[in-house]
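**Q** Structure below; questions to follow.
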Amino acid sequence: MARLKIENLYKAYGATKVLKGIDLEIEDGGFLVLVGPSGCGKSTLLNCIAGLEDVTSGDVIIGERSVTELHPSKRDIAMVFQSYALYPNMTVEKNISFGLEIRGMTKPDRIKAIEEVADMLQIRELLKRKPSQLSGGQRQRVAMGRALVRNPQVFLFDEPLSNLDAKLRVDMRTEIKRLHKRMGTTIVYVTHDQIEALTLATRIAVMKDGIVQQFGTPDQIYNDPVNMFVADFMGSPAMNLLPGKVVKKADGLMLSLDGHDGVMLLPVPLTDDLQARVGKRVIFGIRPEAFTDPQGADRESKQVEKRDCFVEVVEPAGSDTFAVVKLGGKSAVARLRADAHIVAETVTGLAFNMGKAVFFDPDSGERIK
(Lines give C-alpha, C1' and ligand atoms only; values in the text may rest on other atoms or scores of the structure.)
Protein backbone atom coordinates (compact mmCIF):
# COMPACT_ATOMS: atom_id res chain seq x y z
CA MET A 1 0.00 0.00 0.00
CA ALA A 2 1.15 3.53 -0.69
CA ARG A 3 -0.02 7.04 -1.37
CA LEU A 4 -0.49 8.05 -4.99
CA LYS A 5 0.36 11.49 -6.33
CA ILE A 6 -0.22 12.83 -9.84
CA GLU A 7 1.54 16.08 -10.68
CA ASN A 8 0.66 18.36 -13.63
CA LEU A 9 0.01 15.40 -15.90
CA TYR A 10 -0.64 15.95 -19.61
CA LYS A 11 -1.43 13.36 -22.25
CA ALA A 12 -1.79 14.16 -25.94
CA TYR A 13 -2.22 12.10 -29.10
CA GLY A 14 -0.61 14.30 -31.72
CA ALA A 15 -2.34 17.68 -31.54
CA THR A 16 -5.26 16.27 -29.51
CA LYS A 17 -4.90 16.96 -25.79
CA VAL A 18 -6.71 14.31 -23.74
CA LEU A 19 -5.45 15.14 -20.22
CA LYS A 20 -4.75 18.77 -19.37
CA GLY A 21 -2.73 19.34 -16.22
CA ILE A 22 -4.08 16.74 -13.78
CA ASP A 23 -3.10 17.25 -10.11
CA LEU A 24 -4.38 14.65 -7.63
CA GLU A 25 -3.18 13.05 -4.42
CA ILE A 26 -4.71 10.14 -2.51
CA GLU A 27 -3.49 9.03 0.89
CA ASP A 28 -2.13 5.58 1.75
CA GLY A 29 -5.18 3.31 1.93
CA GLY A 30 -7.47 5.80 0.22
CA PHE A 31 -10.15 5.02 -2.35
CA LEU A 32 -10.03 7.46 -5.28
CA VAL A 33 -12.85 7.33 -7.82
CA LEU A 34 -12.42 8.99 -11.21
CA VAL A 35 -15.87 9.81 -12.56
CA GLY A 36 -17.19 11.66 -15.57
CA PRO A 37 -18.97 11.21 -18.90
CA SER A 38 -17.60 9.08 -21.74
CA GLY A 39 -14.56 10.68 -23.35
CA CYS A 40 -13.60 12.81 -20.34
CA GLY A 41 -10.17 11.15 -19.98
CA LYS A 42 -10.69 9.03 -16.86
CA SER A 43 -9.63 5.70 -18.42
CA THR A 44 -6.66 7.40 -20.11
CA LEU A 45 -5.57 8.73 -16.71
CA LEU A 46 -5.87 5.25 -15.20
CA ASN A 47 -3.78 3.82 -18.05
CA CYS A 48 -1.13 6.50 -17.45
CA ILE A 49 -0.96 5.49 -13.79
CA ALA A 50 -0.65 1.83 -14.84
CA GLY A 51 2.01 2.59 -17.44
CA LEU A 52 -0.15 1.31 -20.31
CA GLU A 53 -0.01 4.81 -21.81
CA ASP A 54 3.06 7.04 -21.98
CA VAL A 55 2.75 10.42 -20.27
CA THR A 56 3.32 13.49 -22.46
CA SER A 57 4.50 15.48 -19.43
CA GLY A 58 4.04 15.44 -15.66
CA ASP A 59 4.74 12.85 -13.00
CA VAL A 60 3.13 9.79 -11.39
CA ILE A 61 4.44 9.05 -7.88
CA ILE A 62 3.63 5.87 -5.94
CA GLY A 63 4.87 5.90 -2.37
CA GLU A 64 8.02 8.01 -2.44
CA ARG A 65 9.23 7.20 -5.96
CA SER A 66 8.36 8.43 -9.42
CA VAL A 67 7.14 5.58 -11.63
CA THR A 68 6.52 7.69 -14.76
CA GLU A 69 9.40 6.12 -16.71
CA LEU A 70 8.99 2.60 -15.28
CA HIS A 71 7.58 -0.38 -17.19
CA PRO A 72 4.10 -1.44 -15.90
CA SER A 73 5.60 -4.62 -14.42
CA LYS A 74 7.94 -2.52 -12.25
CA ARG A 75 5.26 -0.22 -10.78
CA ASP A 76 3.87 -2.67 -8.20
CA ILE A 77 0.27 -2.13 -9.28
CA ALA A 78 -2.53 -4.57 -10.16
CA MET A 79 -5.39 -3.84 -12.54
CA VAL A 80 -8.95 -5.18 -12.82
CA PHE A 81 -10.46 -4.64 -16.26
CA GLN A 82 -14.04 -4.16 -17.42
CA SER A 83 -13.70 -7.26 -19.64
CA TYR A 84 -12.27 -9.44 -16.78
CA ALA A 85 -9.40 -10.50 -19.17
CA LEU A 86 -9.30 -14.10 -17.88
CA TYR A 87 -7.45 -16.86 -19.73
CA PRO A 88 -10.29 -19.06 -21.11
CA ASN A 89 -8.20 -22.25 -21.28
CA MET A 90 -7.09 -22.03 -17.63
CA THR A 91 -8.99 -22.94 -14.47
CA VAL A 92 -9.84 -20.26 -11.92
CA GLU A 93 -6.97 -21.48 -9.74
CA LYS A 94 -4.53 -21.23 -12.64
CA ASN A 95 -5.82 -17.77 -13.63
CA ILE A 96 -5.18 -16.52 -10.10
CA SER A 97 -1.78 -18.17 -9.71
CA PHE A 98 -0.36 -17.48 -13.17
CA GLY A 99 1.12 -14.09 -12.28
CA LEU A 100 2.65 -15.53 -9.11
CA GLU A 101 4.35 -18.29 -11.12
CA ILE A 102 5.80 -15.72 -13.53
CA ARG A 103 7.22 -13.84 -10.54
CA GLY A 104 8.84 -17.03 -9.24
CA MET A 105 6.80 -17.59 -6.07
CA THR A 106 7.19 -21.08 -4.62
CA LYS A 107 4.31 -23.54 -4.95
CA PRO A 108 3.51 -23.71 -1.19
CA ASP A 109 3.36 -19.90 -1.02
CA ARG A 110 1.19 -19.80 -4.14
CA ILE A 111 -1.26 -22.31 -2.69
CA LYS A 112 -1.48 -20.37 0.57
CA ALA A 113 -2.06 -17.06 -1.26
CA ILE A 114 -4.74 -18.57 -3.53
CA GLU A 115 -6.59 -20.11 -0.59
CA GLU A 116 -6.58 -16.82 1.34
CA VAL A 117 -7.95 -14.87 -1.63
CA ALA A 118 -10.48 -17.60 -2.49
CA ASP A 119 -11.85 -17.54 1.06
CA MET A 120 -11.93 -13.75 1.10
CA LEU A 121 -13.93 -13.60 -2.14
CA GLN A 122 -15.93 -16.79 -1.44
CA ILE A 123 -14.81 -18.51 -4.64
CA ARG A 124 -13.09 -21.61 -3.21
CA GLU A 125 -15.68 -23.91 -4.81
CA LEU A 126 -14.93 -22.35 -8.22
CA LEU A 127 -11.17 -23.00 -8.29
CA LYS A 128 -11.35 -26.02 -10.63
CA ARG A 129 -13.80 -24.42 -13.09
CA LYS A 130 -12.96 -22.53 -16.27
CA PRO A 131 -14.21 -18.98 -17.01
CA SER A 132 -16.85 -20.26 -19.48
CA GLN A 133 -18.52 -22.10 -16.58
CA LEU A 134 -18.86 -18.93 -14.47
CA SER A 135 -21.46 -16.18 -14.27
CA GLY A 136 -20.48 -12.53 -14.85
CA GLY A 137 -20.32 -11.86 -11.11
CA GLN A 138 -18.15 -14.92 -10.51
CA ARG A 139 -15.77 -13.91 -13.31
CA GLN A 140 -15.43 -10.48 -11.77
CA ARG A 141 -14.56 -12.05 -8.40
CA VAL A 142 -11.89 -14.15 -10.10
CA ALA A 143 -10.47 -11.06 -11.82
CA MET A 144 -10.36 -9.31 -8.44
CA GLY A 145 -8.74 -12.37 -6.88
CA ARG A 146 -5.99 -12.35 -9.50
CA ALA A 147 -5.24 -8.73 -8.57
CA LEU A 148 -5.52 -9.18 -4.81
CA VAL A 149 -3.24 -12.21 -4.66
CA ARG A 150 -0.30 -10.10 -5.79
CA ASN A 151 -0.65 -7.74 -2.80
CA PRO A 152 0.49 -4.66 -4.80
CA GLN A 153 0.88 -1.09 -3.53
CA VAL A 154 -2.02 0.23 -5.65
CA PHE A 155 -5.09 -1.42 -7.18
CA LEU A 156 -6.57 0.01 -10.38
CA PHE A 157 -10.18 -0.78 -11.37
CA ASP A 158 -11.39 0.16 -14.87
CA GLU A 159 -15.23 0.17 -14.82
CA PRO A 160 -15.25 -3.35 -13.31
CA LEU A 161 -19.01 -3.56 -12.78
CA SER A 162 -20.34 -2.11 -16.02
CA ASN A 163 -20.99 -5.57 -17.58
CA LEU A 164 -23.12 -6.74 -14.65
CA ASP A 165 -26.87 -6.39 -14.20
CA ALA A 166 -28.25 -3.77 -11.80
CA LYS A 167 -28.73 -6.03 -8.75
CA LEU A 168 -25.35 -7.71 -9.14
CA ARG A 169 -23.68 -4.28 -9.48
CA VAL A 170 -25.10 -3.30 -6.09
CA ASP A 171 -23.93 -6.59 -4.53
CA MET A 172 -20.43 -6.28 -5.99
CA ARG A 173 -20.22 -2.65 -4.90
CA THR A 174 -20.80 -3.81 -1.34
CA GLU A 175 -18.16 -6.53 -1.74
CA ILE A 176 -15.57 -4.04 -3.02
CA LYS A 177 -16.31 -1.66 -0.15
CA ARG A 178 -16.03 -4.49 2.37
CA LEU A 179 -12.76 -5.63 0.82
CA HIS A 180 -11.28 -2.14 0.96
CA LYS A 181 -12.24 -1.79 4.61
CA ARG A 182 -10.70 -5.14 5.48
CA MET A 183 -7.46 -4.78 3.52
CA GLY A 184 -6.89 -1.02 3.72
CA THR A 185 -5.66 -1.02 0.13
CA THR A 186 -4.99 2.07 -1.99
CA ILE A 187 -7.47 1.96 -4.87
CA VAL A 188 -8.07 4.05 -8.00
CA TYR A 189 -11.43 3.22 -9.53
CA VAL A 190 -12.85 4.46 -12.84
CA THR A 191 -16.60 4.65 -13.43
CA HIS A 192 -19.20 6.69 -15.28
CA ASP A 193 -21.76 5.76 -12.59
CA GLN A 194 -21.95 8.59 -10.04
CA ILE A 195 -23.80 6.37 -7.51
CA GLU A 196 -20.79 4.01 -7.52
CA ALA A 197 -18.54 7.02 -7.01
CA LEU A 198 -20.50 8.38 -4.05
CA THR A 199 -20.86 5.02 -2.29
CA LEU A 200 -17.29 3.72 -2.72
CA ALA A 201 -14.93 6.68 -2.60
CA THR A 202 -13.00 8.41 0.14
CA ARG A 203 -12.11 10.99 -2.56
CA ILE A 204 -13.76 11.72 -5.92
CA ALA A 205 -12.30 13.47 -8.95
CA VAL A 206 -15.04 14.66 -11.31
CA MET A 207 -13.62 15.00 -14.82
CA LYS A 208 -14.76 16.73 -17.99
CA ASP A 209 -12.81 17.25 -21.23
CA GLY A 210 -9.52 16.11 -19.66
CA ILE A 211 -9.76 18.52 -16.72
CA VAL A 212 -10.58 17.76 -13.06
CA GLN A 213 -13.61 19.93 -12.34
CA GLN A 214 -13.64 19.15 -8.61
CA PHE A 215 -11.65 16.93 -6.26
CA GLY A 216 -12.97 16.24 -2.77
CA THR A 217 -14.88 13.94 -0.43
CA PRO A 218 -18.23 12.50 -1.56
CA ASP A 219 -19.98 14.96 0.79
CA GLN A 220 -18.12 17.94 -0.68
CA ILE A 221 -18.82 16.85 -4.25
CA TYR A 222 -22.52 16.26 -3.61
CA ASN A 223 -23.40 19.10 -1.25
CA ASP A 224 -20.85 21.75 -2.20
CA PRO A 225 -20.36 21.56 -6.00
CA VAL A 226 -18.01 24.15 -7.46
CA ASN A 227 -19.83 24.49 -10.77
CA MET A 228 -22.99 23.55 -12.65
CA PHE A 229 -21.37 20.57 -14.37
CA VAL A 230 -20.55 18.87 -11.04
CA ALA A 231 -23.96 19.80 -9.59
CA ASP A 232 -25.76 18.33 -12.57
CA PHE A 233 -23.58 15.24 -13.05
CA MET A 234 -23.52 14.01 -9.45
CA GLY A 235 -26.80 12.81 -7.99
CA SER A 236 -29.80 10.79 -9.14
CA PRO A 237 -32.12 12.47 -9.84
CA ALA A 238 -29.84 15.37 -10.73
CA MET A 239 -29.85 18.69 -8.90
CA ASN A 240 -32.59 21.06 -10.06
CA LEU A 241 -30.97 24.03 -11.83
CA LEU A 242 -33.52 26.82 -12.25
CA PRO A 243 -33.09 30.31 -13.72
CA GLY A 244 -34.06 33.18 -11.41
CA LYS A 245 -33.10 36.69 -10.35
CA VAL A 246 -31.73 38.15 -7.12
CA VAL A 247 -33.92 41.03 -5.89
CA LYS A 248 -33.82 43.25 -2.81
CA LYS A 249 -36.98 43.55 -0.73
CA ALA A 250 -37.79 45.27 2.56
CA ASP A 251 -37.30 42.00 4.44
CA GLY A 252 -34.00 41.10 2.78
CA LEU A 253 -32.43 39.53 -0.26
CA MET A 254 -34.76 37.29 -2.27
CA LEU A 255 -34.66 34.91 -5.20
CA SER A 256 -37.35 35.65 -7.75
CA LEU A 257 -38.58 32.59 -9.67
CA ASP A 258 -41.39 32.17 -12.15
CA GLY A 259 -44.02 30.13 -10.29
CA HIS A 260 -47.35 28.60 -11.28
CA ASP A 261 -49.36 31.81 -10.77
CA GLY A 262 -46.71 34.50 -11.08
CA VAL A 263 -43.50 35.33 -9.26
CA MET A 264 -42.32 33.17 -6.35
CA LEU A 265 -39.95 34.74 -3.82
CA LEU A 266 -37.54 32.75 -1.67
CA PRO A 267 -35.06 34.22 0.85
CA VAL A 268 -31.34 33.87 0.06
CA PRO A 269 -28.23 34.39 2.23
CA LEU A 270 -26.86 37.93 2.60
CA THR A 271 -23.44 37.09 1.20
CA ASP A 272 -21.26 39.70 -0.50
CA ASP A 273 -21.35 37.80 -3.80
CA LEU A 274 -25.13 37.49 -3.84
CA GLN A 275 -25.63 41.10 -2.80
CA ALA A 276 -23.46 42.08 -5.77
CA ARG A 277 -25.92 40.18 -7.97
CA VAL A 278 -29.02 42.22 -7.09
CA GLY A 279 -31.06 42.70 -10.26
CA LYS A 280 -29.04 40.03 -12.11
CA ARG A 281 -29.85 36.52 -13.27
CA VAL A 282 -28.58 33.51 -11.35
CA ILE A 283 -29.07 29.75 -11.51
CA PHE A 284 -30.74 28.39 -8.38
CA GLY A 285 -29.65 24.85 -7.50
CA ILE A 286 -31.54 22.60 -5.11
CA ARG A 287 -31.36 18.83 -4.68
CA PRO A 288 -34.66 16.91 -5.03
CA GLU A 289 -34.47 15.75 -1.39
CA ALA A 290 -34.25 19.41 -0.25
CA PHE A 291 -37.44 20.12 -2.21
CA THR A 292 -40.12 17.95 -0.66
CA ASP A 293 -43.47 17.71 1.11
CA PRO A 294 -43.67 19.81 4.31
CA GLN A 295 -43.97 16.72 6.54
CA GLY A 296 -40.82 15.24 5.02
CA ALA A 297 -38.73 18.42 5.31
CA ASP A 298 -35.67 18.58 7.57
CA ARG A 299 -37.02 19.42 11.04
CA GLU A 300 -33.59 20.62 12.18
CA SER A 301 -33.35 23.31 9.50
CA LYS A 302 -34.56 26.82 10.26
CA GLN A 303 -34.52 27.75 6.58
CA VAL A 304 -37.43 25.67 5.27
CA GLU A 305 -39.83 27.72 3.16
CA LYS A 306 -43.25 26.43 2.12
CA ARG A 307 -44.65 27.57 -1.25
CA ASP A 308 -47.56 26.54 -3.46
CA CYS A 309 -46.44 24.70 -6.61
CA PHE A 310 -48.29 23.26 -9.57
CA VAL A 311 -47.57 19.52 -9.81
CA GLU A 312 -47.47 18.31 -13.41
CA VAL A 313 -46.57 14.63 -12.95
CA VAL A 314 -46.40 12.23 -9.98
CA GLU A 315 -44.02 9.25 -10.15
CA PRO A 316 -44.30 6.63 -7.36
CA ALA A 317 -40.94 4.87 -6.96
CA GLY A 318 -41.37 2.50 -4.04
CA SER A 319 -39.36 4.09 -1.23
CA ASP A 320 -39.95 7.61 -2.63
CA THR A 321 -42.49 9.55 -4.61
CA PHE A 322 -41.23 12.03 -7.20
CA ALA A 323 -43.22 15.07 -8.27
CA VAL A 324 -42.41 17.08 -11.39
CA VAL A 325 -43.13 20.78 -10.83
CA LYS A 326 -42.90 23.75 -13.19
CA LEU A 327 -40.53 26.39 -11.77
CA GLY A 328 -38.48 29.10 -13.44
CA GLY A 329 -39.85 28.00 -16.78
CA LYS A 330 -38.34 24.53 -16.33
CA SER A 331 -39.36 21.17 -14.88
CA ALA A 332 -38.06 20.59 -11.34
CA VAL A 333 -38.11 17.30 -9.46
CA ALA A 334 -39.20 17.09 -5.81
CA ARG A 335 -38.46 13.96 -3.77
CA LEU A 336 -41.30 13.19 -1.36
CA ARG A 337 -42.05 10.50 1.19
CA ALA A 338 -43.48 7.28 -0.28
CA ASP A 339 -46.84 7.88 1.44
CA ALA A 340 -47.05 11.61 0.66
CA HIS A 341 -50.54 12.56 -0.49
CA ILE A 342 -50.01 14.33 -3.78
CA VAL A 343 -52.09 14.47 -6.95
CA ALA A 344 -50.97 15.41 -10.46
CA GLU A 345 -52.30 18.61 -12.03
CA THR A 346 -53.08 20.22 -8.69
CA VAL A 347 -51.54 23.04 -6.66
CA THR A 348 -49.73 21.62 -3.63
CA GLY A 349 -47.71 23.15 -0.80
CA LEU A 350 -44.07 22.02 -1.04
CA ALA A 351 -41.07 22.82 1.16
CA PHE A 352 -37.76 24.32 0.00
CA ASN A 353 -34.82 23.80 2.37
CA MET A 354 -32.94 26.99 1.49
CA GLY A 355 -30.10 25.97 3.79
CA LYS A 356 -29.22 23.41 1.10
CA ALA A 357 -29.61 25.81 -1.85
CA VAL A 358 -26.66 26.76 -4.06
CA PHE A 359 -26.30 29.46 -6.72
CA PHE A 360 -24.36 29.63 -10.00
CA ASP A 361 -23.39 32.23 -12.55
CA PRO A 362 -25.53 31.55 -15.66
CA ASP A 363 -22.71 32.52 -18.04
CA SER A 364 -19.63 30.83 -16.55
CA GLY A 365 -21.45 28.06 -14.66
CA GLU A 366 -19.22 28.75 -11.64
CA ARG A 367 -20.52 28.73 -8.07
CA ILE A 368 -21.64 31.98 -6.40
CA LYS A 369 -20.84 31.77 -2.71
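Identifiers in the C-alpha coordinates: chain A, B, ... in order shown; residue index from 1 per chain; ligand index from 1 in order shown.
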Name all residues at most 9 Å from range 14-31 of chain A (count only C-alpha atoms; drop same-chain ones fewer than 6 positions away) and give them as a short mmCIF file (atom, residue, chain, number, x, y, z; two decimals) with N, CA and C atoms, in the first residue's frame.
**A**
data_model
loop_
_atom_site.label_atom_id
_atom_site.label_comp_id
_atom_site.auth_asym_id
_atom_site.auth_seq_id
_atom_site.Cartn_x
_atom_site.Cartn_y
_atom_site.Cartn_z
N MET A 1 0.84 -1.20 0.00
CA MET A 1 0.00 0.00 0.00
C MET A 1 0.87 1.25 0.00
N ALA A 2 0.37 2.30 -0.62
CA ALA A 2 1.15 3.53 -0.69
C ALA A 2 0.25 4.66 -1.13
N ARG A 3 0.70 5.88 -0.86
CA ARG A 3 -0.02 7.04 -1.37
C ARG A 3 0.27 7.16 -2.86
N LEU A 4 -0.64 7.82 -3.55
CA LEU A 4 -0.49 8.05 -4.99
C LEU A 4 -0.59 9.54 -5.24
N LYS A 5 0.36 10.07 -6.00
CA LYS A 5 0.36 11.49 -6.33
C LYS A 5 0.54 11.67 -7.83
N ILE A 6 -0.30 12.50 -8.41
CA ILE A 6 -0.22 12.83 -9.84
C ILE A 6 0.03 14.31 -9.95
N GLU A 7 1.11 14.68 -10.61
CA GLU A 7 1.54 16.08 -10.68
C GLU A 7 1.52 16.60 -12.11
N ASN A 8 0.67 17.60 -12.37
CA ASN A 8 0.66 18.36 -13.63
C ASN A 8 0.77 17.44 -14.85
N GLY A 39 -15.46 9.79 -22.63
CA GLY A 39 -14.56 10.68 -23.35
C GLY A 39 -13.94 11.77 -22.51
N CYS A 40 -14.14 11.74 -21.19
CA CYS A 40 -13.60 12.81 -20.34
C CYS A 40 -12.13 12.61 -19.99
N GLY A 41 -11.59 11.40 -20.24
CA GLY A 41 -10.17 11.15 -19.98
C GLY A 41 -9.89 10.28 -18.77
N LYS A 42 -10.93 9.79 -18.10
CA LYS A 42 -10.69 9.03 -16.86
C LYS A 42 -9.96 7.71 -17.09
N THR A 44 -8.01 7.03 -19.66
CA THR A 44 -6.66 7.40 -20.11
C THR A 44 -5.78 7.71 -18.91
N LEU A 45 -6.33 8.42 -17.93
CA LEU A 45 -5.57 8.73 -16.71
C LEU A 45 -5.20 7.45 -15.98
N SER A 57 3.69 14.77 -20.43
CA SER A 57 4.50 15.48 -19.43
C SER A 57 3.81 15.33 -18.08
N GLY A 58 4.58 15.60 -17.01
CA GLY A 58 4.04 15.44 -15.66
C GLY A 58 4.64 14.22 -14.98
N GLY A 63 4.02 5.89 -3.56
CA GLY A 63 4.87 5.90 -2.37
C GLY A 63 5.76 7.12 -2.41
N VAL A 154 -0.83 -0.47 -5.17
CA VAL A 154 -2.02 0.23 -5.65
C VAL A 154 -2.84 -0.69 -6.54
N HIS A 180 -12.15 -3.30 0.69
CA HIS A 180 -11.28 -2.14 0.96
C HIS A 180 -11.15 -1.88 2.45
N MET A 183 -8.85 -4.73 3.93
CA MET A 183 -7.46 -4.78 3.52
C MET A 183 -6.74 -3.43 3.62
N GLY A 184 -7.51 -2.33 3.64
CA GLY A 184 -6.89 -1.02 3.72
C GLY A 184 -6.05 -0.69 2.51
N THR A 185 -6.45 -1.19 1.35
CA THR A 185 -5.66 -1.02 0.13
C THR A 185 -5.87 0.37 -0.48
N THR A 186 -4.86 0.84 -1.21
CA THR A 186 -4.99 2.07 -1.99
C THR A 186 -5.61 1.70 -3.33
N ILE A 187 -6.73 2.33 -3.67
CA ILE A 187 -7.47 1.96 -4.87
C ILE A 187 -7.75 3.20 -5.72
N VAL A 188 -7.58 3.06 -7.03
CA VAL A 188 -8.07 4.05 -8.00
C VAL A 188 -9.10 3.34 -8.87
N TYR A 189 -10.27 3.91 -8.95
CA TYR A 189 -11.43 3.22 -9.53
C TYR A 189 -12.09 4.14 -10.54
N LEU A 200 -18.57 4.41 -2.93
CA LEU A 200 -17.29 3.72 -2.72
C LEU A 200 -16.16 4.63 -2.24
N ALA A 201 -16.14 5.86 -2.70
CA ALA A 201 -14.93 6.68 -2.60
C ALA A 201 -14.68 7.27 -1.22
N THR A 202 -13.39 7.47 -0.92
CA THR A 202 -13.00 8.41 0.14
C THR A 202 -12.72 9.77 -0.49
N ARG A 203 -12.31 9.77 -1.78
CA ARG A 203 -12.11 10.99 -2.56
C ARG A 203 -12.63 10.75 -3.98
N ILE A 204 -13.24 11.79 -4.55
CA ILE A 204 -13.76 11.72 -5.92
C ILE A 204 -13.12 12.82 -6.74
N ALA A 205 -12.73 12.47 -7.97
CA ALA A 205 -12.30 13.47 -8.95
C ALA A 205 -13.32 13.45 -10.09
N ASP A 209 -13.71 16.76 -20.17
CA ASP A 209 -12.81 17.25 -21.23
C ASP A 209 -11.34 17.26 -20.78
N GLY A 210 -10.93 16.23 -20.05
CA GLY A 210 -9.52 16.11 -19.66
C GLY A 210 -9.09 16.99 -18.51
N ILE A 211 -10.06 17.62 -17.84
CA ILE A 211 -9.76 18.52 -16.72
C ILE A 211 -10.53 18.05 -15.50
N VAL A 212 -9.88 18.07 -14.33
CA VAL A 212 -10.58 17.76 -13.06
C VAL A 212 -11.40 18.98 -12.67
N PHE A 215 -12.27 18.05 -6.96
CA PHE A 215 -11.65 16.93 -6.26
C PHE A 215 -11.96 17.10 -4.78
#
**Q** Range 177-233 of chain A: which residues are strand (DSSP E) by DSSP, as a list in words?
**A** Thr186, Ile187, Val188, Tyr189, Val190, Thr191, Arg203, Ile204, Ala205, Val206, Met207, Lys208, Ile211, Val212, Gln213, Gln214, Phe215 and Gly216 of chain A
**Q** With distances taken over only C-alpha atoms, which residue among A:Val268, A:Met207, A:Val117, A:Val92 lies nearest Gln138 in chain A?
**A**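 Smallest distance to Gln138 in chain A is found for A:Val92.
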**Q** Among range 284-336 of chain A, which residues does DSSP mark as helix (DSSP H, G or I) when it is run on the backbone? Keep the chain and numbering as in the structure and answer as a list in words.
**A** Pro288, Glu289, Ala290, Pro294, Gln295 and Gly296 of chain A
**Q** Please produce a file of the residues just selected, as an mmCIF file, in the first residue's frame, where the atoms kept are N, CA and C atoms.
**A**
data_model
loop_
_atom_site.group_PDB
_atom_site.id
_atom_site.type_symbol
_atom_site.label_atom_id
_atom_site.label_comp_id
_atom_site.auth_asym_id
_atom_site.auth_seq_id
_atom_site.Cartn_x
_atom_site.Cartn_y
_atom_site.Cartn_z
ATOM 1 N N PRO A 288 -33.277 17.353 -5.186
ATOM 2 C CA PRO A 288 -34.663 16.911 -5.028
ATOM 3 C C PRO A 288 -35.066 16.602 -3.585
ATOM 4 N N GLU A 289 -34.124 16.075 -2.782
ATOM 5 C CA GLU A 289 -34.467 15.749 -1.392
ATOM 6 C C GLU A 289 -34.610 16.984 -0.512
ATOM 7 N N ALA A 290 -34.087 18.140 -0.977
ATOM 8 C CA ALA A 290 -34.254 19.406 -0.250
ATOM 9 C C ALA A 290 -35.484 20.166 -0.734
ATOM 10 N N PRO A 294 -43.982 19.162 3.023
ATOM 11 C CA PRO A 294 -43.669 19.811 4.314
ATOM 12 C C PRO A 294 -43.422 18.823 5.449
ATOM 13 N N GLN A 295 -44.146 17.704 5.466
ATOM 14 C CA GLN A 295 -43.969 16.724 6.542
ATOM 15 C C GLN A 295 -42.626 15.990 6.421
ATOM 16 N N GLY A 296 -42.091 15.941 5.219
ATOM 17 C CA GLY A 296 -40.823 15.245 5.018
ATOM 18 C C GLY A 296 -39.619 16.157 5.068
#
**Q** Tell me, as a count of residues only, which residues lie within 10 Å of range 303-320 of chain A, counting only C-alpha atoms; anything in the same chain fewer than 6 positions away does not count.
**A** 43
**Q** For range 140-145 of chain A, work out the shell of residues within 7 Å, counting only C-alpha atoms and skipping chain neighbours fewer than 3 positions away, then give it as a VMD selection string.
**A** chain A and resid 80 84 86 92 96 117 121 136 to 137 148 to 149
**Q** Taking into account only C-alpha atoms, which residue in the set A:Lys280, A:Lys167, A:Lys112, A:His192 is nearest to Pro37 in chain A?
**A**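 Looking at the shortest contact to Pro37 in chain A, the residue is A:His192.
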**Q** Have a look at CA of Phe229 in chain A and CA of Leu161 in chain A and let me know their distance in Å, one decimal.
**A**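 Separating CA of Phe229 in chain A from CA of Leu161 in chain A is a distance of 24.3 Å.
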**Q** Would you mind telling me which residue in A:Val325, A:Val278, A:Glu93, A:Phe155 lies nearest to Glu125 in chain A when using only C-alpha atoms?
**A**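 Answer, going by the shortest atom-to-atom distance: A:Glu93.
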**Q** Which range 2-96 of chain A residues have any atom within 12 Å of an atom of range 100-107 of chain A, and for each, what is the nearest pair of atoms with distance in Å to one decimal, counting only C-alpha atoms, rows sorted by chain and number, as CSV?
**A**
residue,atom,partner,partner_atom,distance
A:Ser73,CA,A:Arg103,CA,10.1
A:Lys74,CA,A:Arg103,CA,11.5
A:Asp76,CA,A:Arg103,CA,11.9
A:Glu93,CA,A:Leu100,CA,11.3
A:Lys94,CA,A:Glu101,CA,9.5
A:Asn95,CA,A:Leu100,CA,9.9
A:Ile96,CA,A:Leu100,CA,8.0
